[in-house]
Amino acid sequence: MRIAVKIGTSTLTHATGRINIRRVETLCKVLADIKNAGHEVILISSGAIGMGVGKLNLPERPQDMPTKQAMAAVGQCELMYVYDKLFSEYHHVVAQILLTGEDLRDEKRHRNFINTILRLLELGAIPVVNENDTVATEEVAVGDNDTLGALVAVSVKADLLIVLSDIDGLYTADPRTDPDARLIPEVRELTPEILAMGGGRGTSLGTGGMATKLSAAKLCMAEGVDMMIASGARPETLYDVLEGRPVGTRFTAEKGREA
Ligand code: GLU
């Protein structure tokens with residue numbers, strides 16, 4: 001299988017912005033193992049800005065563009081250093097791909113990106129994709145990595161996009177505040193009721209929330225790519241996903257459905 005895994009800032013880092021070492025180590029180990037089992041793995045990783053904030057000891061995530069872009073420049077470097085170090089332990093090679101919305105909208109650049117990523121997969125590397133935050137202004141940015149993950153997954157015709165998050169799936173209400181909230185195991189159609197469950201923003205260090213995950217699901221489903229939302233707290237969950245155990249929420253695209 002060709003699997004795209006999107007991991008968010010709040011899963012990669014502690015609330016301080018510093019890297020969650022245990023979690024990232026486990027994530028890399030599990031992904032390396034999944035790759036050893038014969039799957040192709042593409043990682044869409046956030047965390048550049050968050051890690052820059054942690055590394056430069058800023059009290060909170062900045063709001064102004066130059067500081068955000070400066071944080072991304074520092075943090076992206078740290079992020080790739082960590083992935084390179086951890087995946088190397090399992091003899092895997094990482095490759096950094098930084099994109100903006102323009103790279104995906106422009107036909108030639110989009111084609112170049114697809115050719116490169118497919119070649120990397122053929123060569124056995126693990127592409128690690130993020131938005132090119134140091135140059136992406138609001139007008140050209142994809143804006144959030146849930147959407148970026150979906151655009152990447154669709155571009156390379158992944159079999160599955162797994163969005164690892166600080167929430168383990170789509171709930172009927174916000175489980176942090178509503179004790180009656182129920183996890184929805186499968187979504188086959190993005191009805192207005194489902195879309196209304198999107199709610200608002202996520203944590204202070206990340207960008208997304210459920211709304212961006214649902215729009216990512218919409219992009220994937222429209223192109224016949226399945227998407228899952230699962231908890232990033234235990235990266236071993238990826239084994240459950242691949243072995244078909246019931247975890248998280250699966251957005252099943254029409255193409256992938258059994259008759
Ligand atoms: N590209 C941003 C970063 O690496 C994250 C965007 C997102 O989390 O949606 O910090």
# chains A, B, ... in the order shown; residues from 1 in each chain; ligands from 1
call {"tool": "residues_around", "arguments": {"residues": "A:Ile184", "least_positions_apart": "5", "cutoff": "7 Å", "atoms": "only C-alpha atoms", "output": "PyMOL selection string"}}
result
chain A and resi 170-172+249
call {"tool": "closest_atom_pairs", "arguments": {"of": "chain A", "to": "ligand 1", "cutoff": "10 Å", "atoms": "only C-alpha atoms and all ligand atoms", "output": "tab-separated table"}}
result
residue	atom	partner	partner_atom_place_in_ligand_line	distance
A:Lys6	CA	ligand 1	8 (O)	9.4
A:Ile7	CA	ligand 1	8 (O)	8.2
A:Gly8	CA	ligand 1	8 (O)	5.4
A:Thr9	CA	ligand 1	8 (O)	5.7
A:Ser10	CA	ligand 1	8 (O)	8.4
A:Ile44	CA	ligand 1	4 (O)	9.3
A:Ser45	CA	ligand 1	4 (O)	6.6
A:Ser46	CA	ligand 1	4 (O)	3.6
A:Gly47	CA	ligand 1	10 (O)	4.1
A:Ala48	CA	ligand 1	4 (O)	3.7
A:Ile49	CA	ligand 1	10 (O)	3.7
A:Gly50	CA	ligand 1	10 (O)	5.5
A:Met51	CA	ligand 1	10 (O)	7.5
A:Gly52	CA	ligand 1	10 (O)	8.4
A:Val53	CA	ligand 1	10 (O)	9.6
A:Arg61	CA	ligand 1	10 (O)	9.9
A:Lys68	CA	ligand 1	10 (O)	8.6
A:Gln69	CA	ligand 1	10 (O)	9.2
A:Met71	CA	ligand 1	10 (O)	8.3
A:Ala72	CA	ligand 1	10 (O)	6.1
A:Ala73	CA	ligand 1	4 (O)	9.6
A:Gly75	CA	ligand 1	10 (O)	7.7
A:Gln76	CA	ligand 1	4 (O)	6.9
A:Leu79	CA	ligand 1	4 (O)	8.8
A:Leu98	CA	ligand 1	1 (N)	9.3
A:Leu99	CA	ligand 1	1 (N)	9.6
A:Thr100	CA	ligand 1	1 (N)	9.8
A:Val129	CA	ligand 1	1 (N)	9.2
A:Asn130	CA	ligand 1	1 (N)	5.6
A:Glu131	CA	ligand 1	1 (N)	4.8
A:Asn132	CA	ligand 1	1 (N)	7.1
A:Asp133	CA	ligand 1	1 (N)	5.9
A:Thr134	CA	ligand 1	1 (N)	9.4
A:Ala136	CA	ligand 1	1 (N)	9.5
A:Ala141	CA	ligand 1	1 (N)	9.4
A:Val142	CA	ligand 1	9 (O)	8.9
A:Gly143	CA	ligand 1	9 (O)	6.6
A:Asp144	CA	ligand 1	9 (O)	3.3
A:Asn145	CA	ligand 1	9 (O)	3.6
A:Asp146	CA	ligand 1	9 (O)	5.9
A:Thr147	CA	ligand 1	9 (O)	7.8
A:Leu148	CA	ligand 1	9 (O)	7.9
A:Gly149	CA	ligand 1	9 (O)	9.2
A:Gly202	CA	ligand 1	8 (O)	9.8
A:Leu205	CA	ligand 1	8 (O)	8.1
A:Gly206	CA	ligand 1	8 (O)	4.9
A:Thr207	CA	ligand 1	9 (O)	4.4
A:Gly208	CA	ligand 1	9 (O)	5.2
A:Gly209	CA	ligand 1	9 (O)	8.8
A:Thr212	CA	ligand 1	9 (O)	8.5
A:Lys213	CA	ligand 1	9 (O)	9.9
call {"tool": "closest_residue", "arguments": {"among": "A:Glu243, A:Asp84, A:Asp174, A:Glu139", "to": "A:Gln96", "atoms": "only C-alpha atoms"}}
result
A:Asp84
call {"tool": "residues_around", "arguments": {"residues": "stretch 157-169 of chain A", "least_positions_apart": "6", "cutoff": "7 Å", "atoms": "only C-alpha atoms", "output": "ChimeraX atom specification"}}
result
/A:1-8,10-11,183,225-233,248-249
call {"tool": "write_last_selection", "arguments": {"atoms": "N, CA, C and O atoms", "output": "PDB file, in the first residue's frame"}}
result
ATOM      1  N   MET A   1       0.834  -1.196   0.000  1.00  0.00           N
ATOM      2  CA  MET A   1       0.000   0.000   0.000  1.00  0.00           C
ATOM      3  C   MET A   1       0.874   1.254   0.000  1.00  0.00           C
ATOM      4  O   MET A   1       1.960   1.263   0.569  1.00  0.00           O
ATOM      5  N   ARG A   2       0.335   2.271  -0.616  1.00  0.00           N
ATOM      6  CA  ARG A   2       0.989   3.583  -0.546  1.00  0.00           C
ATOM      7  C   ARG A   2       0.248   4.395   0.516  1.00  0.00           C
ATOM      8  O   ARG A   2      -0.920   4.735   0.329  1.00  0.00           O
ATOM      9  N   ILE A   3       0.958   4.675   1.614  1.00  0.00           N
ATOM     10  CA  ILE A   3       0.282   5.314   2.746  1.00  0.00           C
ATOM     11  C   ILE A   3       0.860   6.700   3.000  1.00  0.00           C
ATOM     12  O   ILE A   3       2.079   6.860   3.119  1.00  0.00           O
ATOM     13  N   ALA A   4      -0.014   7.674   3.074  1.00  0.00           N
ATOM     14  CA  ALA A   4       0.413   9.019   3.470  1.00  0.00           C
ATOM     15  C   ALA A   4      -0.007   9.211   4.924  1.00  0.00           C
ATOM     16  O   ALA A   4      -1.134   8.902   5.293  1.00  0.00           O
ATOM     17  N   VAL A   5       0.917   9.669   5.747  1.00  0.00           N
ATOM     18  CA  VAL A   5       0.612   9.892   7.165  1.00  0.00           C
ATOM     19  C   VAL A   5       0.845  11.357   7.472  1.00  0.00           C
ATOM     20  O   VAL A   5       1.926  11.886   7.220  1.00  0.00           O
ATOM     21  N   LYS A   6      -0.180  12.000   7.990  1.00  0.00           N
ATOM     22  CA  LYS A   6      -0.053  13.414   8.354  1.00  0.00           C
ATOM     23  C   LYS A   6       0.024  13.511   9.874  1.00  0.00           C
ATOM     24  O   LYS A   6      -0.804  12.935  10.577  1.00  0.00           O
ATOM     25  N   ILE A   7       1.032  14.208  10.338  1.00  0.00           N
ATOM     26  CA  ILE A   7       1.166  14.359  11.786  1.00  0.00           C
ATOM     27  C   ILE A   7       1.205  15.833  12.156  1.00  0.00           C
ATOM     28  O   ILE A   7       1.887  16.627  11.515  1.00  0.00           O
ATOM     29  N   GLY A   8       0.430  16.174  13.157  1.00  0.00           N
ATOM     30  CA  GLY A   8       0.259  17.581  13.520  1.00  0.00           C
ATOM     31  C   GLY A   8       1.199  18.023  14.635  1.00  0.00           C
ATOM     32  O   GLY A   8       1.767  17.208  15.362  1.00  0.00           O
ATOM     33  N   SER A  10       0.624  19.396  17.499  1.00  0.00           N
ATOM     34  CA  SER A  10       0.294  19.066  18.884  1.00  0.00           C
ATOM     35  C   SER A  10       0.608  17.610  19.195  1.00  0.00           C
ATOM     36  O   SER A  10       0.704  17.227  20.362  1.00  0.00           O
ATOM     37  N   THR A  11       0.782  16.791  18.159  1.00  0.00           N
ATOM     38  CA  THR A  11       1.165  15.398  18.379  1.00  0.00           C
ATOM     39  C   THR A  11       2.688  15.275  18.483  1.00  0.00           C
ATOM     40  O   THR A  11       3.200  14.437  19.214  1.00  0.00           O
ATOM     41  N   LEU A 183     -17.853   8.595  19.282  1.00  0.00           N
ATOM     42  CA  LEU A 183     -16.956   8.500  18.133  1.00  0.00           C
ATOM     43  C   LEU A 183     -17.716   7.923  16.939  1.00  0.00           C
ATOM     44  O   LEU A 183     -18.467   6.955  17.080  1.00  0.00           O
ATOM     45  N   VAL A 225      -9.721   8.553  -2.636  1.00  0.00           N
ATOM     46  CA  VAL A 225      -8.696   8.182  -1.643  1.00  0.00           C
ATOM     47  C   VAL A 225      -9.362   8.111  -0.264  1.00  0.00           C
ATOM     48  O   VAL A 225     -10.059   9.039   0.134  1.00  0.00           O
ATOM     49  N   ASP A 226      -9.150   7.017   0.437  1.00  0.00           N
ATOM     50  CA  ASP A 226      -9.689   6.899   1.795  1.00  0.00           C
ATOM     51  C   ASP A 226      -8.863   7.735   2.761  1.00  0.00           C
ATOM     52  O   ASP A 226      -7.656   7.876   2.588  1.00  0.00           O
ATOM     53  N   MET A 227      -9.520   8.244   3.768  1.00  0.00           N
ATOM     54  CA  MET A 227      -8.794   8.991   4.797  1.00  0.00           C
ATOM     55  C   MET A 227      -9.213   8.507   6.179  1.00  0.00           C
ATOM     56  O   MET A 227     -10.359   8.089   6.365  1.00  0.00           O
ATOM     57  N   MET A 228      -8.288   8.540   7.111  1.00  0.00           N
ATOM     58  CA  MET A 228      -8.606   8.179   8.498  1.00  0.00           C
ATOM     59  C   MET A 228      -8.160   9.288   9.423  1.00  0.00           C
ATOM     60  O   MET A 228      -7.122   9.898   9.179  1.00  0.00           O
ATOM     61  N   ILE A 229      -8.918   9.497  10.476  1.00  0.00           N
ATOM     62  CA  ILE A 229      -8.423  10.329  11.579  1.00  0.00           C
ATOM     63  C   ILE A 229      -8.193   9.369  12.726  1.00  0.00           C
ATOM     64  O   ILE A 229      -9.087   8.580  13.085  1.00  0.00           O
ATOM     65  N   ALA A 230      -6.994   9.365  13.279  1.00  0.00           N
ATOM     66  CA  ALA A 230      -6.704   8.489  14.406  1.00  0.00           C
ATOM     67  C   ALA A 230      -5.830   9.243  15.399  1.00  0.00           C
ATOM     68  O   ALA A 230      -5.241  10.270  15.065  1.00  0.00           O
ATOM     69  N   SER A 231      -5.742   8.708  16.599  1.00  0.00           N
ATOM     70  CA  SER A 231      -4.962   9.380  17.634  1.00  0.00           C
ATOM     71  C   SER A 231      -3.472   9.229  17.388  1.00  0.00           C
ATOM     72  O   SER A 231      -2.978   8.136  17.126  1.00  0.00           O
ATOM     73  N   GLY A 232      -2.754  10.341  17.497  1.00  0.00           N
ATOM     74  CA  GLY A 232      -1.304  10.291  17.361  1.00  0.00           C
ATOM     75  C   GLY A 232      -0.632  10.010  18.696  1.00  0.00           C
ATOM     76  O   GLY A 232       0.591   9.871  18.773  1.00  0.00           O
ATOM     77  N   ALA A 233      -1.412   9.914  19.763  1.00  0.00           N
ATOM     78  CA  ALA A 233      -0.822   9.727  21.095  1.00  0.00           C
ATOM     79  C   ALA A 233      -0.055   8.407  21.175  1.00  0.00           C
ATOM     80  O   ALA A 233       0.961   8.308  21.853  1.00  0.00           O
ATOM     81  N   GLY A 248     -10.302   5.020  15.382  1.00  0.00           N
ATOM     82  CA  GLY A 248     -10.530   6.305  14.740  1.00  0.00           C
ATOM     83  C   GLY A 248     -11.763   6.367  13.862  1.00  0.00           C
ATOM     84  O   GLY A 248     -12.707   5.580  14.021  1.00  0.00           O
ATOM     85  N   THR A 249     -11.735   7.297  12.941  1.00  0.00           N
ATOM     86  CA  THR A 249     -12.834   7.467  11.980  1.00  0.00           C
ATOM     87  C   THR A 249     -12.281   7.260  10.582  1.00  0.00           C
ATOM     88  O   THR A 249     -11.270   7.873  10.215  1.00  0.00           O
TER      89      THR A 249
END
call {"tool": "residues_around", "arguments": {"residues": "A:Tyr90", "least_positions_apart": "5", "cutoff": "9 Å", "atoms": "only C-alpha atoms", "output": "ChimeraX atom specification"}}
result
/A:28-29,32-33
call {"tool": "write_last_selection", "arguments": {"atoms": "C-alpha atoms", "output": "tab-separated table (two decimals), in the first residue's frame"}}
result
chain	number	residue	atom	x	y	z
A	28	CYS	CA	9.61	6.86	13.35
A	29	LYS	CA	10.08	3.29	14.59
A	32	ALA	CA	10.17	2.38	9.53
A	33	ASP	CA	8.64	-0.99	10.39
call {"tool": "atom_distance", "arguments": {"atom1": "atom CA of A:Glu189", "atom2": "atom CA of A:Glu254"}}
result
8.9 Å
call {"tool": "residues_around", "arguments": {"residues": "A:Ala150", "least_positions_apart": "6", "cutoff": "8 Å", "atoms": "only C-alpha atoms", "output": "VMD selection string"}}
result
chain A and resid 161 216 to 217 219 to 220
call {"tool": "atom_distance", "arguments": {"atom1": "atom CA of A:Leu43", "atom2": "atom CA of A:Arg176"}}
result
27.7 Å
call {"tool": "select_by_dssp", "arguments": {"residues": "stretch 39-236 of chain A", "states": "helix (DSSP H, G or I)", "output": "ChimeraX atom specification"}}
result
/A:48-55,65-89,101-105,107-122,145-155,192-196,210-222
